[in-house]
There are 4 protein chains.
Amino acid sequence: MSSTFGHIFRIHTFGESHGGGVGVVIDGCPPRIPISREQIQHELDRRRPGQSEIVTPRKEADEAEILSGVQDGVTLGCPIAILVRNTDQRPGAYDEMAVKYRPSHADYTYDAKYGIRSASGGGRASARETIGRVAAAAVARQVLDHFHPGIEILAWVKSIQELQADVDPQTISPEIIESNIVRTGDPAMVETMIERIKTIRSDGNSVGGIIECVIRNCPPGLGEPIFDKLEADLAKAMLSLPATKGFEIGSGFAGTLLTGREHNDPFRMIDGKVRTTSNRSGGVQGGISNGETIIFRVAFKPTATIMSNQQTVTSSHENTELQGKGRHDACVLPRAVPIVEAMATLVLTDHLLRQKALG
Amino acid sequence: MSSTFGHIFRIHTFGESHGGGVGVVIDGCPPRIPISREQIQHELDRRRPGQSEIVTPRKEADEAEILSGVQDGVTLGCPIAILVRNTDQRPGAYDEMAVKYRPSHADYTYDAKYGIRSASGGGRASARETIGRVAAAAVARQVLDHFHPGIEILAWVKSIQELQADVDPQTISPEIIESNIVRTGDPAMVETMIERIKTIRSDGNSVGGIIECVIRNCPPGLGEPIFDKLEADLAKAMLSLPATKGFEIGSGFAGTLLTGREHNDPFRMIDGKVRTTSNRSGGVQGGISNGETIIFRVAFKPTATIMSNQQTVTSSHENTELQGKGRHDACVLPRAVPIVEAMATLVLTDHLLRQKALG
Amino acid sequence: MSSTFGHIFRIHTFGESHGGGVGVVIDGCPPRIPISREQIQHELDRRRPGQSEIVTPRKEADEAEILSGVQDGVTLGCPIAILVRNTDQRPGAYDEMAVKYRPSHADYTYDAKYGIRSASGGGRASARETIGRVAAAAVARQVLDHFHPGIEILAWVKSIQELQADVDPQTISPEIIESNIVRTGDPAMVETMIERIKTIRSDGNSVGGIIECVIRNCPPGLGEPIFDKLEADLAKAMLSLPATKGFEIGSGFAGTLLTGREHNDPFRMIDGKVRTTSNRSGGVQGGISNGETIIFRVAFKPTATIMSNQQTVTSSHENTELQGKGRHDACVLPRAVPIVEAMATLVLTDHLLRQKALG
Amino acid sequence: MSSTFGHIFRIHTFGESHGGGVGVVIDGCPPRIPISREQIQHELDRRRPGQSEIVTPRKEADEAEILSGVQDGVTLGCPIAILVRNTDQRPGAYDEMAVKYRPSHADYTYDAKYGIRSASGGGRASARETIGRVAAAAVARQVLDHFHPGIEILAWVKSIQELQADVDPQTISPEIIESNIVRTGDPAMVETMIERIKTIRSDGNSVGGIIECVIRNCPPGLGEPIFDKLEADLAKAMLSLPATKGFEIGSGFAGTLLTGREHNDPFRMIDGKVRTTSNRSGGVQGGISNGETIIFRVAFKPTATIMSNQQTVTSSHENTELQGKGRHDACVLPRAVPIVEAMATLVLTDHLLRQKALG
């Protein structure tokens with residue numbers, strides 16, 4: 001059950017980092033939605049390794065093939081299967097990792113759970129699994145556009161360690177974010193952030209940070225009370241991403257310092273619509289969107305793979321040392337930006353269709 | 001679908017704040033688990049209004065009745081239905097709220113979603129809905145004890161606004177937490193926190209804070225890779241609670257300031273077990289428990305109901321003012337502690353049974 | 001998971017024959033659907049014991065209470081919980097059955113599965129469980145009327161043993177069916193069937209038969225390809241009823257005697273609509289309704305409870321004899337007619353909402 | 001949601017008859033189960049076109065590729081994706097069908113539901129979709145063998161039109177069934193059945209029949225009460241297959257002619273086990289297996305594709321005539337035998353894992 005996400009717009013991902021390939025089956029996509037392989041490929045290219053000088057230099061073309069569910073550029077209403085073949089397999093690079101648990105990776109826990117794990121690379125725990133999510137979200141994006149044109153879902157790097165970007169969530173544009181390889185929303189911070197990542201990488205170390213994401217022009221009424229609150233499903237979506245350690249929406253943790261009088265968002269009629277004059281709720285009240293901008297932040301820990309000697313144990317339970325090698329991201333955030341957007345898109349699309357069912 | 005939680009140990013809650021009652025149906029509880037009405041009642045009493053001088057003085061006995069699924073003190077393997085009647089209904093107290101949207105409540109969003117909402121009180125958005133969760137968790141607790149005795153799930157108030165409790169997650173005991181009405185884990189902060197809540201309440205205002213929760217002695221191997229990661233399900237569980245704005249596990253947001261070298265948890269063999277010598281992962285790696293203490297924090301915003309005039313609009317879309325009245329918690333955290341524990345218990349029990357299915 | 005039915009219009013039933021009560025929680029019911037307690041009670045009265053001289057004389061008023069989800073006669077969009085208290089409990093009547101497995105009942109299999117079972121009566125396997133289904137279907141019926149007025153769902157007794165009713169599925173009316181206590185659709189067979197049931201009952205024996213059901217004016221396009229075909233969900237719904245042994249749709253088993261040339265339903269344009277000039281498909285093609293009348297049949301075995309000595313074993317695995325007693329139906333079909341209609345209504349409502357989500 | 005089957009051992013099928021390929025993703029398969037590509041291929045070969053002189057001569061090699069989830073011949077606990085490429089695509093053969101609805105096919109209903117359909121061949125409604133089911137069942141078979149060796153699942157052709165095979169469900173062997181191309185269980189009927197199929201095919205016509213299936217050595221306790229009864233899930237599984245019109249278990253429709261005294265299965269202790277001395281229940285009581293042989297029958301209508309002129313309408317709603325062509329099975333039953341076994345295997349495996357979760 002674990003590789004399924006969504007209730008109506010449901011996706012099932014599959015695949016390990018080393019094997020035939022990774023991909024996704026989308027079930028519950030409405031019919032007659034226009035979608036092209038190029039639209040899917042465009043999003044995959046945004047998360048692709050080797051796309052810039054600050055991400056892992058692994059060469060993975062990540063070419064998507066649509067196996068089913070699409071004909072003449074539109075969906076058929078049937079399951080859409082998308083496959084990306086694995087190409088750059090160098091099992092040799094992982095020999096040591098096959099017997100030594102990499103600290104803060106999933107090597108040990110997979111063994112503890114399954115009594116077996118993929119012999120090389122991250123296996124199912126590899127970030128390659130997110131390819132299926134991003135491909136599915138490219139389709140979901142088209143569903144949103146079809147039923148509710150104008151919804152904008154935008155993420156950016158808010159911070160790298162203590163380096164903070166100054167971004168206005170209402171006006172930030174995709175052009176600004178995509179104009180720099182770190183995908184931050186603050187042009188003034190681009191060089192500093194790139195410098196930090198390069199410095200830390202040359203030291204064989206890694207860094208993390210925070211990604212911020214907005215959903216603008218979201219109609220009110222999406223999200224379900226109780227367990228499937230919009231913020232609950234967003235939280236789950238984000239914490240299901242590798243390397244994430246936290247989620248907050250609207251005022252978040254900082255909101256706990258305010259009093260209710262300071263925190264409440266007053267309602268006013270503006271242009272004939274019910275609006276709030278502040279947005280500490282972050283666009284969601286009682287689990288349901290209120291028409292204001294949804295804004296949330298996701299904490300990413302520093303990449304676990306580092307180029308240093310680390311204490312660890314073997315799969316046969318002997319203390320040992322692991323010498324880092326391989327080609328990894330010293331900072332996952334630039335490539336995680338499209339993945340955060342993808343997960344937000346999947347959550348929103350599913351809730352849009354759920355609302356259609358009952359509305 | 002929205003009122004269902006869990007895959008194997010599944011709960012379905014029902015009920016509004018004003019109506020016949022609230023409750024839960026538990027499906028997927030193993031047979032022959034000992035459970036008494038008193039064990040359920042004990043947990044309900046911990047979340048009950050009127051239990052101390054710093055919570056709402058509403059008088060709700062919240063008496064649980066087991067309608068089905070239990071015979072002679074053990075479960076039958078059939079659905080367990082538990083009902084708590086609503087008693088202290090004073091619809092008059094809510095007349096104004098029936099036409100004016102309370103700021104930062106779910107009044108407006110329910111109307112936007114459903115075109116209708118409960119005429120009085122919070123309806124389904126009321127915290128009374130959590131009664132069903134707490135009752136179900138009392139049963140889940142017995143399931144954990146049956147299959148895996150020794151798992152401890154403990155939550156406490158970590159902060160009220162800027163007031164921070166100093167708590168050792170490894171040694172904190174239920175006795176300490178339950179010994180004070182604020183349910184903090186730091187005896188030195190009890191009086192200060194109580195004073196803050198009383199002061200803020202007498203001002204007609206409200207406060208929020210952070211609840212911290214640990215799961216000790218959790219076996220390794222629980223949690224599913226990809227979407228149903230243990231931390232993802234915990235995040236969803238916590239963000240599904242009223243008034244929550246954030247979730248973090250292990251190092252959380254603060255962990256984004258560290259480098260990988262500082263953040264990684266080295267493995268060592270200790271007493272014949274694979275252990276980590278630090279726990280910035282918070283007990284979970286790759287979505288699966290690693291046997292270390294699971295530790296997470298949840299941000300609660302200040303209570304939305306305050307005793308002040310607030311700008312708002314009516315359901316017929318006129319600007320107006322709302323004068324607060326009623327009997328509400330100036331700080332929900334003391335009563336939220338058992339609810340956080342309940343949700344953690346439900347998540348863990350479901351994952352334990354999922355692991356049993358495949359193991 | 002076992003007590004949940006439906007994907008969007010989901011019901012969760014609970015309760016044993018002896019205990020606090022039986023009932024249902026409906027989740028996923030659209031808001032603002034008119035529903036009254038009386039409408040629910042009306043359907044419950046059709047399945048009630050003691051309603052005529054040919055059904056069990058047990059006195060169970062089966063009074064429905066709506067606990068949540070309905071306000072001022074319309075649904076709120078929140079879970080609708082409905083409770084029927086158990087009243088006529090005579091555990092003494094079942095003492096012998098507590099230790100002796102009743103042949104062709106679920107006593108032995110519950111013990112084999114759970115290692116425990118309800119000490120008296122049928123427990124969860126009792127036909128009382130269907131109260132929750134019938135109550136839920138009364139709500140579902142209102143949903144159908146709201147979104148698609150004119151859909152007719154009608155079942156009748158097609159046969160009792162070899163006694164066959166001659167019924168025209170296109171013209172049979174609820175008035176004819178409800179005009180006789182056996183609920184057959186053929187007035188000419190009423191007396192013969194009643195006589196058969198009385199004779200068999202006076203002999204301490206029991207009989208079964210076939211119920212036929214039509215769905216008229218069903219719009220084309222309902223049902224999902226592959227696993228959730230309309231006929232597959234109807235088959236599951238019917239085989240989930242106690243005492244059922246078979247299901248067939250359209251030409252059914254008899255259709256296996258025809259050739260393709262005889263069996264195929266030609267298409268013709270009639271009154272501007274795509275119609276078929278025969279209906280051996282039974283209103284469903286490829287799992288999806290085609291706009292013709294859906295027609296299916298369900299086989300009910302003779303009631304397992306009989307007033308005769310029967311060979312059996314005890315729960316401590318000794319051979320023994322069971323002497324029948326208690327008050328049971330010598331023929332369940334008259335009371336099963338509304339239950340078959342209820343399950344068909346639930347299937348159709350769920351598929352209607354599923355189609356709304358994607359359409 | 002429609003292309004998903006199972007709760008714990010879940011399969012998601014995808015693919016149309018003409019396009020990149022068909023396949024399946026299996027989620028919830030336990031780890032460390034031995035499985036080879038050859039075992040999967042063996043089962044696919046049993047359902048393959050062109051395997052004998054009485055099935056469609058289409059040349060489809062149907063080569064399975066395992067894309068993920070298996071390493072060194074054992075499962076990893078991760079999703080297992082299996083792909084079969086489409087090869088023998090002759091879209092030209094279907095040009096006429098693209099505009100004319102084939103009688104008793106899904107052409108019209110897909111259009112009615114989706115407003116679009118696969119331009120050629122059966123699209124998603126093609127029997128090629130069952131490739132995914134058969135491949136998944138080959139894996140499920142290994143899971144059964146791992147946890148419960150000795151369970152036998154065997155299907156055979158019970159009848160072709162009025163031609164009845166005489167088969168003893170307790171002793172029939174796979175060798176007998178596989179020894180003849182019609183896959184009947186009665187050697188005496190083989191030639192007569194083959195003759196019938198050849199005659200009917202040479203006439204451009206088609207025939208249907210009944211497949212019988214047994215599950216021997218099934219442990220007691222599998223199946224869930226209420227909606228997910230073992231017979232209910234089997235009924236759904238079978239009615240989800242193309243061309244099926246009926247399902248019956250144990251005494252089935254014929255059982256409605258008996259009285260309760262004749263129908264009940266007495267219990268006796270035999271070899272220290274609770275057994276029944278007859279088996280009209282068909283191995284299931286109250287939805288749960290009782291340890292006796294499970295036996296059920298499935299009705300398949302005559303193939304809809306025939307080589308005759310048929311009245312129909314075009315997708316632009318004009319009356320017309322369709323002239324049959326293409327290469328189809330005059331009788332689907334020989335190839336449907338492994339598919340019936342596959343669906344029974346999937347149902348049983350899922351219920352076995354469900355029981356493991358709660359037992």
# chains A, B, ... in the order shown; residues from 1 in each chain; ligands from 1
$ residues_around --residues "stretch 216-219 of chain D" --least-positions-apart "4" --cutoff "10 Å" --atoms "only C-alpha atoms" --output "PyMOL selection string"
(chain C and resi 112-113) or (chain D and resi 148-154+169-171+283+289-295+348+352)
$ closest_atom_pairs --of "chain A" --to "chain B" --cutoff "6 Å" --atoms "only C-alpha atoms" --output "Markdown table"
| residue | atom | partner | partner_atom | distance |
| --- | --- | --- | --- | --- |
| A:Ser2 | CA | B:Asp228 | CA | 5.2 |
| A:Ser3 | CA | B:Ile226 | CA | 5.8 |
| A:Pro103 | CA | B:Pro266 | CA | 5.4 |
| A:Ser104 | CA | B:Asn264 | CA | 5.4 |
| A:Ala106 | CA | B:Gly286 | CA | 4.6 |
| A:Thr109 | CA | B:Asn290 | CA | 5.6 |
| A:Ala112 | CA | B:Gly221 | CA | 5.1 |
| A:Lys113 | CA | B:Gly221 | CA | 4.0 |
| A:Gln161 | CA | B:Leu257 | CA | 4.1 |
| A:Glu162 | CA | B:Leu257 | CA | 5.8 |
| A:Asn205 | CA | B:Gly260 | CA | 5.9 |
| A:Ser206 | CA | B:Gly260 | CA | 4.8 |
| A:Val207 | CA | B:Thr259 | CA | 4.8 |
| A:Gly208 | CA | B:Thr256 | CA | 4.9 |
| A:Gly209 | CA | B:Thr256 | CA | 4.6 |
| A:Gly221 | CA | B:Lys113 | CA | 4.0 |
| A:Glu224 | CA | B:Ser2 | CA | 5.8 |
| A:Ile226 | CA | B:Ser3 | CA | 5.8 |
| A:Phe227 | CA | B:Ser240 | CA | 5.0 |
| A:Asp228 | CA | B:Ser2 | CA | 5.2 |
| A:Lys229 | CA | B:Ser240 | CA | 5.9 |
| A:Ala232 | CA | B:Lys236 | CA | 4.4 |
| A:Ala235 | CA | B:Lys236 | CA | 5.7 |
| A:Lys236 | CA | B:Ala232 | CA | 4.4 |
| A:Leu239 | CA | B:Ala232 | CA | 4.6 |
| A:Ser240 | CA | B:Phe227 | CA | 5.0 |
| A:Lys245 | CA | B:Gly252 | CA | 4.7 |
| A:Gly246 | CA | B:Glu248 | CA | 3.9 |
| A:Phe247 | CA | B:Phe247 | CA | 5.4 |
| A:Glu248 | CA | B:Gly246 | CA | 3.9 |
| A:Ile249 | CA | B:Lys245 | CA | 5.4 |
| A:Gly252 | CA | B:Lys245 | CA | 4.7 |
| A:Phe253 | CA | B:Ala299 | CA | 5.3 |
| A:Gly255 | CA | B:Lys301 | CA | 5.9 |
| A:Thr256 | CA | B:Gly209 | CA | 4.6 |
| A:Leu257 | CA | B:Gln161 | CA | 4.1 |
| A:Thr259 | CA | B:Val207 | CA | 4.8 |
| A:Gly260 | CA | B:Pro302 | CA | 4.8 |
| A:Asn264 | CA | B:Ser104 | CA | 5.4 |
| A:Asp265 | CA | B:Ser104 | CA | 5.7 |
| A:Pro266 | CA | B:Gln311 | CA | 5.3 |
| A:Phe267 | CA | B:Thr312 | CA | 4.2 |
| A:Arg268 | CA | B:Thr312 | CA | 5.8 |
| A:Gln285 | CA | B:Ala106 | CA | 5.3 |
| A:Gly286 | CA | B:Ala106 | CA | 4.6 |
| A:Ile288 | CA | B:Thr109 | CA | 5.8 |
| A:Asn290 | CA | B:Thr109 | CA | 5.6 |
| A:Ala299 | CA | B:Phe253 | CA | 5.3 |
| A:Lys301 | CA | B:Thr256 | CA | 5.2 |
| A:Pro302 | CA | B:Gly260 | CA | 4.8 |
| A:Thr303 | CA | B:Gly260 | CA | 5.9 |
| A:Ala304 | CA | B:Gly260 | CA | 5.8 |
| A:Gln311 | CA | B:Pro266 | CA | 5.3 |
| A:Thr312 | CA | B:Phe267 | CA | 4.2 |
| A:Val313 | CA | B:Phe267 | CA | 5.8 |
| A:Asn319 | CA | B:Arg268 | CA | 6.0 |
$ residues_around --residues "C:Glu38" --least-positions-apart "5" --cutoff "12 Å" --atoms "only C-alpha atoms" --output "PyMOL selection string"
chain C and resi 43-45+63-66+73+135+138-139
$ write_last_selection --atoms "C-alpha atoms" --output "compact mmCIF listing (two decimals), in the first residue's frame"
# COMPACT_ATOMS: atom_id res chain seq x y z
CA GLU C 43 -36.94 0.99 4.86
CA LEU C 44 -35.99 -0.63 8.15
CA ASP C 45 -39.61 -1.62 8.66
CA GLU C 63 -35.99 2.17 15.84
CA ALA C 64 -33.36 4.23 14.03
CA GLU C 65 -31.67 7.18 15.70
CA ILE C 66 -29.64 9.62 13.61
CA GLY C 73 -33.72 17.49 7.58
CA ALA C 135 -30.37 2.53 6.74
CA ALA C 138 -32.18 5.01 2.49
CA VAL C 139 -29.77 7.94 2.51
$ select_by_dssp --residues "stretch 43-269 of chain B" --states "helix (DSSP H, G or I)" --output "count of residues only"
90
$ residues_around --residues "A:Lys198" --least-positions-apart "5" --cutoff "9 Å" --atoms "only C-alpha atoms" --output "PyMOL selection string"
chain A and resi 53-54+193+203+330
$ select_by_dssp --residues "stretch 247-328 of chain C" --states "strand (DSSP E or B)" --output "MDAnalysis selection string"
chainID C and resid 247:249 259 267:270 273:276 284:285 288:289 294:300 309:314 319:323
$ write_last_selection --atoms "C-alpha atoms" --output "compact mmCIF listing (two decimals), in the first residue's frame"
# COMPACT_ATOMS: atom_id res chain seq x y z
CA PHE C 247 -25.22 -14.06 -8.80
CA GLU C 248 -25.94 -13.65 -12.49
CA ILE C 249 -26.57 -10.64 -14.69
CA THR C 259 -24.06 -18.74 -29.68
CA PHE C 267 -27.53 -1.40 -31.49
CA ARG C 268 -30.19 0.84 -33.02
CA MET C 269 -30.92 4.54 -32.81
CA ILE C 270 -34.31 4.88 -31.08
CA LYS C 273 -30.68 7.53 -28.35
CA VAL C 274 -28.26 4.65 -28.74
CA ARG C 275 -30.30 1.63 -27.67
CA THR C 276 -30.07 -2.13 -27.96
CA VAL C 284 -23.94 -3.47 -18.63
CA GLN C 285 -21.20 -3.78 -21.28
CA ILE C 288 -20.23 0.15 -17.69
CA SER C 289 -23.98 0.79 -17.85
CA ILE C 294 -29.90 -3.54 -15.49
CA ILE C 295 -31.23 -6.92 -14.42
CA PHE C 296 -29.66 -9.50 -12.15
CA ARG C 297 -30.58 -12.47 -9.99
CA VAL C 298 -29.31 -13.64 -6.59
CA ALA C 299 -29.53 -17.20 -5.24
CA PHE C 300 -30.40 -17.61 -1.55
CA ASN C 309 -31.85 -32.73 15.17
CA GLN C 310 -28.58 -32.26 13.32
CA GLN C 311 -25.16 -33.82 13.62
CA THR C 312 -22.50 -31.38 14.67
CA VAL C 313 -19.46 -30.88 16.91
CA THR C 314 -18.84 -28.80 19.99
CA ASN C 319 -19.22 -35.04 18.12
CA THR C 320 -22.73 -34.20 19.28
CA GLU C 321 -26.26 -33.42 18.15
CA LEU C 322 -27.95 -30.05 17.97
CA GLN C 323 -31.67 -29.69 18.61
$ residues_around --residues "B:Arg133" --least-positions-apart "4" --cutoff "8 Å" --atoms "only C-alpha atoms" --output "PyMOL selection string"
chain B and resi 11+13+24+129+137+339+342-343
$ closest_residue --among "C:Val332, C:Ile194, C:Val74, C:Val99" --to "C:Cys29" --atoms "only C-alpha atoms"
C:Val74
$ atom_distance --atom1 "atom CA of A:Thr87" --atom2 "atom CA of D:Gly28"
26.7 Å
